[in-house]
Amino acid sequence: MKKSFFKRAVKKFVAVTAMSAMLVGTLAGCGGKKKEVITLTVFSERANYSGEQMGWTAKYLLDNYNVKLNIVPNTDGAFNTRTEAGDLGDIVVFGSEKDFMKSAKNGLLFDWEEDNVLADYGAYMKDNCNLALEKVRGMNGDGKIYGVPYEVAPTSEDLQSFMYTWDIRWDLYEQLGHPEVKNLDDYIQLFKDMKALCPTDEAGKPTYAFSLWPDWDGNMVMYVKSFATAYYGYDEFQIGLYDPATGTFHGALEENGPYLEMVKFFHDLYANDLLDPASMTATYDSMSEKMKKGGVFASIFNYAGYMLYNTEDHVSQNKMMKSLRPSDASPIVYGLNTLGGNNYWAIGAKTEYPELCMELINFFYTPEGAMFGWYGPKGVTWDYDEDGYTYFTELGKKTNFDKSTPMEGDYAGATYHDGECQINMTSWSQDCDNPDSNGETYNYVDWKSEQGDPACDAEADWRSFTGCTSINEYMRSGKYTVAPGTDYVDKQVEGELETTWNNVTNCITTNTWKAIYAKDDAEFDKIVADMIKQANDYGYDKCLEWSNERAKERKAAEDKVSK
């Protein structure tokens, strides 16, 4: 129901007063009185942190918007709890399109066009994300805009950077004489040789090829299904994997299918003492600490590989992770999409400050706000030179290499990592053009200032071996699979199928972990057979039928783009 004019007018007055607080605070030194700081609750399904936003992000938002953020992650069934209470928070970030659509349908989200809030306080988004906003308008059938997607691009003519970069410890690979890695069998042998060469990490603990974490598991075990994405280019989709090249859908339990193949791959790693035995109980943060200490040789993800390991200290010791894609692999890469991705920024229907929430979200969609989210405050960690090219400051070079670097100047008092925005959400695609720069993208790997000499001998060897100077150049030099950006929107699993779906997916994830940790191949085969039987008893066939229908719809959307 639409709020009364009087109540909305009062709320608008309060929000406008809050947004003027920076000016009022400036006047405070001349006898003015600083207004009360407003704390906004941000419920983020993508957050890995609970509590008040700290560090440089907190200072910037306090100085510029007179706002503090209280971050609430989606742990312990928080989404369901807050849904039942009818209040998701002030700003809401969805990591699930299903939850976004369900929340809009249930009246839990603010209509962005009510009282012209989008036009008045989200002008940059309105002018530059119009196609993405119109996509949202058409999602729920009521013609209203309840949010904006992430990963938006102004055009769809290019590709995102590769996320599945197949990072390995290149210094060890060089010492082994660059053995050929064609397929997964070669990959396992490589790690056997690496472990023989480097059996312990910097803390004296055993090394492993991979360390997994279960807190991002969904319909399947995240790392297992992602390995199929990295190797075959099949995208996670519903209750299985989708091949963008052909439109073929592979159910998770398909005999000799990609998911079960990768379950066996990780079991084989475990059997050879190459999989971190703590993987089933680890968190992303605990895995990160092992990676930073040299306890893990590889990652298929850039953010969990070279971005963690390649610290200034490691590089100074000629230790470095670089990409080595098995020659048979065809990792997925996503096309830029003017309609954005399937995660969303939104505003809670019960917020007292919709205008202020809108202004904050709008900030992250400005070029400076997008850069702020990725690299820190302008003029502190990065800036533009006199020709408009982007560069890191001396501090920024350190923080981008090592996020545990202490901040300086006005933002001193904590590390860069301590101050990173804990909402954990992006706005623009990092690989689209930054209109404030001289024709550069937001992605630092493509900046003119970053195309310099190798950081160490290991990187020089990687460049010599691959003939490439950047990761994207290397990944594009071999096979890859493109998943084009489309207007496809997932439908929700509802009614009786939702209960069936939850039972089946819980069966798959639980038994996948059991199979990985099986004591031998015979036990592995038994666990997989039991998993398939249990899932079928729960109604896997119904989930598979539903998924195949969605795959046809996705293929139709991709065909429309290709034409």
# chains A, B, ... in the order shown; residues from 1 in each chain; ligands from 1
>>> select_by_dssp(residues="region 120-331 of chain A", states="helix (DSSP H, G or I)", output="PyMOL selection string")
chain A and resi 120-121+123-128+130-137+170-175+184-197+222-232+258-271+279-281+284-292+306-309+312-316
>>> residues_around(residues="Asn506 (chain A)", least_positions_apart="2", cutoff="12 Å", atoms="only C-alpha atoms", output="list in words")
Asp217, Gly218, Asn219, Met220, Val221, Ile239, Thr499, Thr500, Trp501, Asn502, Asn503, Val504, Ile508, Thr509, Thr510, Asn511, Thr512, Trp513, Met531, Gln534, Ala535, Tyr538 and Tyr540 of chain A
>>> closest_residue(among="A:Phe401, A:Trp166, A:Tyr231, A:Tyr442", to="Gly305 (chain A)", atoms="only C-alpha atoms")
A:Trp166
>>> residues_around(residues="Ala298 (chain A)", least_positions_apart="2", cutoff="9 Å", atoms="only C-alpha atoms", output="PDB file with all heavy atoms, in the first residue's frame")
ATOM      1  N   TRP A 166      43.052 -20.483 -13.542  1.00  0.00           N
ATOM      2  CA  TRP A 166      43.920 -21.650 -13.376  1.00  0.00           C
ATOM      3  C   TRP A 166      45.300 -21.254 -12.815  1.00  0.00           C
ATOM      4  O   TRP A 166      46.331 -21.525 -13.412  1.00  0.00           O
ATOM      5  CB  TRP A 166      44.100 -22.384 -14.707  1.00  0.00           C
ATOM      6  CG  TRP A 166      42.872 -23.076 -15.205  1.00  0.00           C
ATOM      7  CD1 TRP A 166      41.927 -22.573 -16.045  1.00  0.00           C
ATOM      8  CD2 TRP A 166      42.442 -24.411 -14.884  1.00  0.00           C
ATOM      9  NE1 TRP A 166      40.944 -23.507 -16.283  1.00  0.00           N
ATOM     10  CE2 TRP A 166      41.234 -24.644 -15.589  1.00  0.00           C
ATOM     11  CE3 TRP A 166      42.958 -25.435 -14.080  1.00  0.00           C
ATOM     12  CZ2 TRP A 166      40.536 -25.847 -15.507  1.00  0.00           C
ATOM     13  CZ3 TRP A 166      42.270 -26.635 -14.007  1.00  0.00           C
ATOM     14  CH2 TRP A 166      41.080 -26.828 -14.710  1.00  0.00           C
ATOM     15  N   ASP A 167      45.310 -20.640 -11.648  1.00  0.00           N
ATOM     16  CA  ASP A 167      46.555 -20.179 -11.042  1.00  0.00           C
ATOM     17  C   ASP A 167      47.312 -21.329 -10.377  1.00  0.00           C
ATOM     18  O   ASP A 167      46.708 -22.173  -9.695  1.00  0.00           O
ATOM     19  CB  ASP A 167      46.269 -19.111  -9.981  1.00  0.00           C
ATOM     20  CG  ASP A 167      45.558 -17.904 -10.553  1.00  0.00           C
ATOM     21  OD1 ASP A 167      45.545 -17.749 -11.785  1.00  0.00           O
ATOM     22  OD2 ASP A 167      45.008 -17.111  -9.764  1.00  0.00           O
ATOM     23  N   ILE A 168      48.625 -21.348 -10.572  1.00  0.00           N
ATOM     24  CA  ILE A 168      49.481 -22.309  -9.872  1.00  0.00           C
ATOM     25  C   ILE A 168      50.729 -21.580  -9.375  1.00  0.00           C
ATOM     26  O   ILE A 168      51.027 -20.463  -9.804  1.00  0.00           O
ATOM     27  CB  ILE A 168      49.914 -23.488 -10.780  1.00  0.00           C
ATOM     28  CG1 ILE A 168      50.804 -22.973 -11.928  1.00  0.00           C
ATOM     29  CG2 ILE A 168      48.726 -24.256 -11.303  1.00  0.00           C
ATOM     30  CD1 ILE A 168      51.603 -24.061 -12.602  1.00  0.00           C
ATOM     31  N   ARG A 169      51.462 -22.241  -8.481  1.00  0.00           N
ATOM     32  CA  ARG A 169      52.736 -21.697  -8.017  1.00  0.00           C
ATOM     33  C   ARG A 169      53.750 -21.805  -9.148  1.00  0.00           C
ATOM     34  O   ARG A 169      54.357 -22.847  -9.375  1.00  0.00           O
ATOM     35  CB  ARG A 169      53.217 -22.458  -6.789  1.00  0.00           C
ATOM     36  CG  ARG A 169      52.569 -22.020  -5.497  1.00  0.00           C
ATOM     37  CD  ARG A 169      53.174 -20.709  -4.980  1.00  0.00           C
ATOM     38  NE  ARG A 169      54.597 -20.860  -4.754  1.00  0.00           N
ATOM     39  CZ  ARG A 169      55.130 -21.413  -3.663  1.00  0.00           C
ATOM     40  NH1 ARG A 169      54.345 -21.866  -2.688  1.00  0.00           N
ATOM     41  NH2 ARG A 169      56.439 -21.495  -3.509  1.00  0.00           N
ATOM     42  N   PHE A 191      50.861 -31.843  -9.314  1.00  0.00           N
ATOM     43  CA  PHE A 191      50.783 -31.526  -7.891  1.00  0.00           C
ATOM     44  C   PHE A 191      51.519 -32.551  -7.032  1.00  0.00           C
ATOM     45  O   PHE A 191      52.053 -32.217  -5.974  1.00  0.00           O
ATOM     46  CB  PHE A 191      49.322 -31.402  -7.471  1.00  0.00           C
ATOM     47  CG  PHE A 191      48.631 -30.246  -8.139  1.00  0.00           C
ATOM     48  CD1 PHE A 191      47.414 -30.424  -8.774  1.00  0.00           C
ATOM     49  CD2 PHE A 191      49.212 -28.980  -8.155  1.00  0.00           C
ATOM     50  CE1 PHE A 191      46.792 -29.367  -9.395  1.00  0.00           C
ATOM     51  CE2 PHE A 191      48.593 -27.912  -8.771  1.00  0.00           C
ATOM     52  CZ  PHE A 191      47.382 -28.104  -9.397  1.00  0.00           C
ATOM     53  N   TYR A 208      49.090 -28.583   0.095  1.00  0.00           N
ATOM     54  CA  TYR A 208      48.082 -29.296  -0.678  1.00  0.00           C
ATOM     55  C   TYR A 208      47.895 -28.597  -2.025  1.00  0.00           C
ATOM     56  O   TYR A 208      48.208 -27.421  -2.174  1.00  0.00           O
ATOM     57  CB  TYR A 208      46.742 -29.342   0.070  1.00  0.00           C
ATOM     58  CG  TYR A 208      46.851 -29.999   1.417  1.00  0.00           C
ATOM     59  CD1 TYR A 208      46.959 -29.232   2.576  1.00  0.00           C
ATOM     60  CD2 TYR A 208      46.879 -31.386   1.531  1.00  0.00           C
ATOM     61  CE1 TYR A 208      47.082 -29.829   3.822  1.00  0.00           C
ATOM     62  CE2 TYR A 208      47.005 -31.998   2.774  1.00  0.00           C
ATOM     63  CZ  TYR A 208      47.112 -31.207   3.920  1.00  0.00           C
ATOM     64  OH  TYR A 208      47.242 -31.807   5.144  1.00  0.00           O
ATOM     65  N   ALA A 209      47.357 -29.349  -2.990  1.00  0.00           N
ATOM     66  CA  ALA A 209      47.068 -28.747  -4.294  1.00  0.00           C
ATOM     67  C   ALA A 209      45.933 -27.740  -4.166  1.00  0.00           C
ATOM     68  O   ALA A 209      46.019 -26.610  -4.664  1.00  0.00           O
ATOM     69  CB  ALA A 209      46.698 -29.827  -5.303  1.00  0.00           C
ATOM     70  N   PHE A 210      44.855 -28.149  -3.471  1.00  0.00           N
ATOM     71  CA  PHE A 210      43.683 -27.287  -3.327  1.00  0.00           C
ATOM     72  C   PHE A 210      43.184 -27.288  -1.888  1.00  0.00           C
ATOM     73  O   PHE A 210      43.318 -28.281  -1.177  1.00  0.00           O
ATOM     74  CB  PHE A 210      42.541 -27.761  -4.235  1.00  0.00           C
ATOM     75  CG  PHE A 210      42.773 -27.523  -5.691  1.00  0.00           C
ATOM     76  CD1 PHE A 210      43.316 -28.517  -6.494  1.00  0.00           C
ATOM     77  CD2 PHE A 210      42.453 -26.305  -6.279  1.00  0.00           C
ATOM     78  CE1 PHE A 210      43.535 -28.312  -7.840  1.00  0.00           C
ATOM     79  CE2 PHE A 210      42.673 -26.090  -7.632  1.00  0.00           C
ATOM     80  CZ  PHE A 210      43.211 -27.082  -8.414  1.00  0.00           C
ATOM     81  N   SER A 211      42.597 -26.174  -1.522  1.00  0.00           N
ATOM     82  CA  SER A 211      41.873 -26.063  -0.257  1.00  0.00           C
ATOM     83  C   SER A 211      40.509 -25.493  -0.586  1.00  0.00           C
ATOM     84  O   SER A 211      40.401 -24.414  -1.173  1.00  0.00           O
ATOM     85  CB  SER A 211      42.625 -25.144   0.725  1.00  0.00           C
ATOM     86  OG  SER A 211      41.946 -25.065   1.960  1.00  0.00           O
ATOM     87  N   MET A 291      46.416 -20.069   1.851  1.00  0.00           N
ATOM     88  CA  MET A 291      46.955 -19.644   0.561  1.00  0.00           C
ATOM     89  C   MET A 291      48.066 -18.617   0.764  1.00  0.00           C
ATOM     90  O   MET A 291      49.125 -18.682   0.135  1.00  0.00           O
ATOM     91  CB  MET A 291      45.836 -19.065  -0.300  1.00  0.00           C
ATOM     92  CG  MET A 291      46.292 -18.548  -1.658  1.00  0.00           C
ATOM     93  SD  MET A 291      46.905 -19.853  -2.777  1.00  0.00           S
ATOM     94  CE  MET A 291      45.365 -20.637  -3.255  1.00  0.00           C
ATOM     95  N   VAL A 296      48.912 -23.826  -0.244  1.00  0.00           N
ATOM     96  CA  VAL A 296      48.065 -24.292  -1.343  1.00  0.00           C
ATOM     97  C   VAL A 296      48.766 -23.968  -2.660  1.00  0.00           C
ATOM     98  O   VAL A 296      49.209 -22.842  -2.862  1.00  0.00           O
ATOM     99  CB  VAL A 296      46.679 -23.620  -1.294  1.00  0.00           C
ATOM    100  CG1 VAL A 296      45.758 -24.232  -2.340  1.00  0.00           C
ATOM    101  CG2 VAL A 296      46.056 -23.746   0.096  1.00  0.00           C
ATOM    102  N   ILE A 300      41.523 -22.371  -9.151  1.00  0.00           N
ATOM    103  CA  ILE A 300      40.960 -22.076 -10.468  1.00  0.00           C
ATOM    104  C   ILE A 300      40.444 -20.642 -10.525  1.00  0.00           C
ATOM    105  O   ILE A 300      40.225 -20.101 -11.601  1.00  0.00           O
ATOM    106  CB  ILE A 300      39.818 -23.046 -10.843  1.00  0.00           C
ATOM    107  CG1 ILE A 300      38.727 -23.064  -9.763  1.00  0.00           C
ATOM    108  CG2 ILE A 300      40.359 -24.423 -11.137  1.00  0.00           C
ATOM    109  CD1 ILE A 300      37.478 -23.827 -10.178  1.00  0.00           C
ATOM    110  N   PHE A 301      40.259 -20.019  -9.356  1.00  0.00           N
ATOM    111  CA  PHE A 301      39.727 -18.657  -9.278  1.00  0.00           C
ATOM    112  C   PHE A 301      40.851 -17.644  -9.097  1.00  0.00           C
ATOM    113  O   PHE A 301      41.734 -17.842  -8.241  1.00  0.00           O
ATOM    114  CB  PHE A 301      38.783 -18.506  -8.088  1.00  0.00           C
ATOM    115  CG  PHE A 301      37.633 -19.462  -8.071  1.00  0.00           C
ATOM    116  CD1 PHE A 301      37.587 -20.488  -7.148  1.00  0.00           C
ATOM    117  CD2 PHE A 301      36.583 -19.319  -8.964  1.00  0.00           C
ATOM    118  CE1 PHE A 301      36.511 -21.359  -7.106  1.00  0.00           C
ATOM    119  CE2 PHE A 301      35.506 -20.193  -8.936  1.00  0.00           C
ATOM    120  CZ  PHE A 301      35.465 -21.215  -8.004  1.00  0.00           C
ATOM    121  N   ALA A 304      40.918 -16.205  -5.456  1.00  0.00           N
ATOM    122  CA  ALA A 304      41.376 -17.131  -4.422  1.00  0.00           C
ATOM    123  C   ALA A 304      42.760 -17.690  -4.744  1.00  0.00           C
ATOM    124  O   ALA A 304      43.243 -18.586  -4.055  1.00  0.00           O
ATOM    125  CB  ALA A 304      40.388 -18.290  -4.275  1.00  0.00           C
ATOM    126  N   GLY A 305      43.392 -17.142  -5.790  1.00  0.00           N
ATOM    127  CA  GLY A 305      44.715 -17.588  -6.197  1.00  0.00           C
ATOM    128  C   GLY A 305      45.724 -16.472  -6.146  1.00  0.00           C
ATOM    129  O   GLY A 305      46.147 -16.053  -5.069  1.00  0.00           O
ATOM    130  N   TYR A 306      46.096 -15.946  -7.325  1.00  0.00           N
ATOM    131  CA  TYR A 306      47.172 -14.962  -7.365  1.00  0.00           C
ATOM    132  C   TYR A 306      46.833 -13.689  -6.599  1.00  0.00           C
ATOM    133  O   TYR A 306      47.723 -13.021  -6.068  1.00  0.00           O
ATOM    134  CB  TYR A 306      47.558 -14.646  -8.808  1.00  0.00           C
ATOM    135  CG  TYR A 306      46.678 -13.665  -9.552  1.00  0.00           C
ATOM    136  CD1 TYR A 306      46.893 -12.295  -9.433  1.00  0.00           C
ATOM    137  CD2 TYR A 306      45.660 -14.094 -10.391  1.00  0.00           C
ATOM    138  CE1 TYR A 306      46.098 -11.383 -10.124  1.00  0.00           C
ATOM    139  CE2 TYR A 306      44.874 -13.193 -11.085  1.00  0.00           C
ATOM    140  CZ  TYR A 306      45.094 -11.842 -10.942  1.00  0.00           C
ATOM    141  OH  TYR A 306      44.313 -10.946 -11.621  1.00  0.00           O
ATOM    142  N   MET A 321      52.256 -16.820  -8.081  1.00  0.00           N
ATOM    143  CA  MET A 321      51.248 -17.619  -8.761  1.00  0.00           C
ATOM    144  C   MET A 321      50.940 -16.964 -10.102  1.00  0.00           C
ATOM    145  O   MET A 321      50.747 -15.745 -10.182  1.00  0.00           O
ATOM    146  CB  MET A 321      49.967 -17.721  -7.929  1.00  0.00           C
ATOM    147  CG  MET A 321      50.122 -18.500  -6.641  1.00  0.00           C
ATOM    148  SD  MET A 321      48.533 -18.917  -5.865  1.00  0.00           S
ATOM    149  CE  MET A 321      48.105 -20.417  -6.751  1.00  0.00           C
TER     150      MET A 321
END
>>> residues_around(residues="Asp385 (chain A)", least_positions_apart="5", cutoff="10 Å", atoms="only C-alpha atoms", output="PyMOL selection string")
chain A and resi 390-391+437-438+449
>>> residues_around(residues="region 451-458 of chain A", least_positions_apart="5", cutoff="10 Å", atoms="only C-alpha atoms", output="number ranges by chain")
A: 169-175, 312, 314-322, 444-446, 463-464, 469-470
>>> closest_residue(among="A:Leu118, A:Val72, A:Leu40, A:Leu159", to="Ala58 (chain A)", atoms="only C-alpha atoms")
A:Leu40
>>> closest_atom_pairs(of="region 475-526 of chain A", to="region 251-274 of chain A", cutoff="12 Å", atoms="only C-alpha atoms", output="JSON lines")
{"residue": "A:Val504", "atom": "CA", "partner": "A:Ala252", "partner_atom": "CA", "distance": 10.6}
{"residue": "A:Thr505", "atom": "CA", "partner": "A:Ala252", "partner_atom": "CA", "distance": 9.6}
{"residue": "A:Cys507", "atom": "CA", "partner": "A:Leu253", "partner_atom": "CA", "distance": 11.2}
{"residue": "A:Ile508", "atom": "CA", "partner": "A:Ala252", "partner_atom": "CA", "distance": 8.2}
{"residue": "A:Thr509", "atom": "CA", "partner": "A:Ala252", "partner_atom": "CA", "distance": 10.4}
{"residue": "A:Asn511", "atom": "CA", "partner": "A:Val263", "partner_atom": "CA", "distance": 10.1}
{"residue": "A:Thr512", "atom": "CA", "partner": "A:Val263", "partner_atom": "CA", "distance": 6.7}
{"residue": "A:Trp513", "atom": "CA", "partner": "A:Val263", "partner_atom": "CA", "distance": 8.5}
{"residue": "A:Lys514", "atom": "CA", "partner": "A:His267", "partner_atom": "CA", "distance": 9.5}
{"residue": "A:Ala515", "atom": "CA", "partner": "A:His267", "partner_atom": "CA", "distance": 6.8}
{"residue": "A:Ile516", "atom": "CA", "partner": "A:His267", "partner_atom": "CA", "distance": 4.2}
{"residue": "A:Tyr517", "atom": "CA", "partner": "A:His267", "partner_atom": "CA", "distance": 6.3}
{"residue": "A:Ala518", "atom": "CA", "partner": "A:His267", "partner_atom": "CA", "distance": 7.1}
{"residue": "A:Lys519", "atom": "CA", "partner": "A:Ala271", "partner_atom": "CA", "distance": 7.5}
{"residue": "A:Asp520", "atom": "CA", "partner": "A:Ala271", "partner_atom": "CA", "distance": 7.3}
{"residue": "A:Asp521", "atom": "CA", "partner": "A:His267", "partner_atom": "CA", "distance": 8.5}
{"residue": "A:Ala522", "atom": "CA", "partner": "A:His267", "partner_atom": "CA", "distance": 11.7}
{"residue": "A:Glu523", "atom": "CA", "partner": "A:His267", "partner_atom": "CA", "distance": 10.8}
{"residue": "A:Phe524", "atom": "CA", "partner": "A:His267", "partner_atom": "CA", "distance": 7.9}
{"residue": "A:Asp525", "atom": "CA", "partner": "A:Lys264", "partner_atom": "CA", "distance": 9.3}
>>> closest_atom_pairs(of="region 269-364 of chain A", to="region 92-109 of chain A", cutoff="6 Å", atoms="only C-alpha atoms", output="JSON lines")
{"residue": "A:Asn342", "atom": "CA", "partner": "A:Glu97", "partner_atom": "CA", "distance": 5.4}
{"residue": "A:Asn343", "atom": "CA", "partner": "A:Gly95", "partner_atom": "CA", "distance": 4.8}
{"residue": "A:Tyr344", "atom": "CA", "partner": "A:Phe94", "partner_atom": "CA", "distance": 5.1}
{"residue": "A:Trp345", "atom": "CA", "partner": "A:Val93", "partner_atom": "CA", "distance": 4.7}
{"residue": "A:Ala346", "atom": "CA", "partner": "A:Val92", "partner_atom": "CA", "distance": 4.9}
{"residue": "A:Ile347", "atom": "CA", "partner": "A:Val92", "partner_atom": "CA", "distance": 5.5}
{"residue": "A:Gly348", "atom": "CA", "partner": "A:Leu109", "partner_atom": "CA", "distance": 4.6}
{"residue": "A:Ala349", "atom": "CA", "partner": "A:Leu109", "partner_atom": "CA", "distance": 4.3}
>>> write_last_selection(atoms="N, CA, C and O atoms", output="PDB file, in the first residue's frame")
ATOM      1  N   ASN A 342      22.780 -11.245 -12.177  1.00  0.00           N
ATOM      2  CA  ASN A 342      21.659 -11.772 -11.407  1.00  0.00           C
ATOM      3  C   ASN A 342      21.776 -11.520  -9.901  1.00  0.00           C
ATOM      4  O   ASN A 342      21.149 -12.208  -9.094  1.00  0.00           O
ATOM      5  N   ASN A 343      22.603 -10.557  -9.495  1.00  0.00           N
ATOM      6  CA  ASN A 343      22.631 -10.065  -8.123  1.00  0.00           C
ATOM      7  C   ASN A 343      22.111  -8.631  -8.141  1.00  0.00           C
ATOM      8  O   ASN A 343      22.293  -7.917  -9.143  1.00  0.00           O
ATOM      9  N   TYR A 344      21.490  -8.184  -7.041  1.00  0.00           N
ATOM     10  CA  TYR A 344      20.769  -6.913  -7.099  1.00  0.00           C
ATOM     11  C   TYR A 344      20.963  -6.052  -5.844  1.00  0.00           C
ATOM     12  O   TYR A 344      21.031  -6.575  -4.725  1.00  0.00           O
ATOM     13  N   TRP A 345      21.045  -4.741  -6.079  1.00  0.00           N
ATOM     14  CA  TRP A 345      20.908  -3.738  -5.024  1.00  0.00           C
ATOM     15  C   TRP A 345      19.428  -3.403  -4.895  1.00  0.00           C
ATOM     16  O   TRP A 345      18.723  -3.260  -5.904  1.00  0.00           O
ATOM     17  N   ALA A 346      18.948  -3.242  -3.674  1.00  0.00           N
ATOM     18  CA  ALA A 346      17.553  -2.864  -3.460  1.00  0.00           C
ATOM     19  C   ALA A 346      17.450  -2.053  -2.170  1.00  0.00           C
ATOM     20  O   ALA A 346      18.433  -1.879  -1.439  1.00  0.00           O
ATOM     21  N   ILE A 347      16.259  -1.567  -1.905  1.00  0.00           N
ATOM     22  CA  ILE A 347      15.980  -0.788  -0.697  1.00  0.00           C
ATOM     23  C   ILE A 347      14.793  -1.427   0.006  1.00  0.00           C
ATOM     24  O   ILE A 347      13.789  -1.758  -0.633  1.00  0.00           O
ATOM     25  N   GLY A 348      14.906  -1.621   1.308  1.00  0.00           N
ATOM     26  CA  GLY A 348      13.828  -2.247   2.064  1.00  0.00           C
ATOM     27  C   GLY A 348      12.590  -1.369   2.133  1.00  0.00           C
ATOM     28  O   GLY A 348      12.677  -0.143   2.261  1.00  0.00           O
ATOM     29  N   ALA A 349      11.427  -1.996   2.077  1.00  0.00           N
ATOM     30  CA  ALA A 349      10.167  -1.247   2.051  1.00  0.00           C
ATOM     31  C   ALA A 349       9.923  -0.462   3.336  1.00  0.00           C
ATOM     32  O   ALA A 349       9.216   0.540   3.323  1.00  0.00           O
TER      33      ALA A 349
END
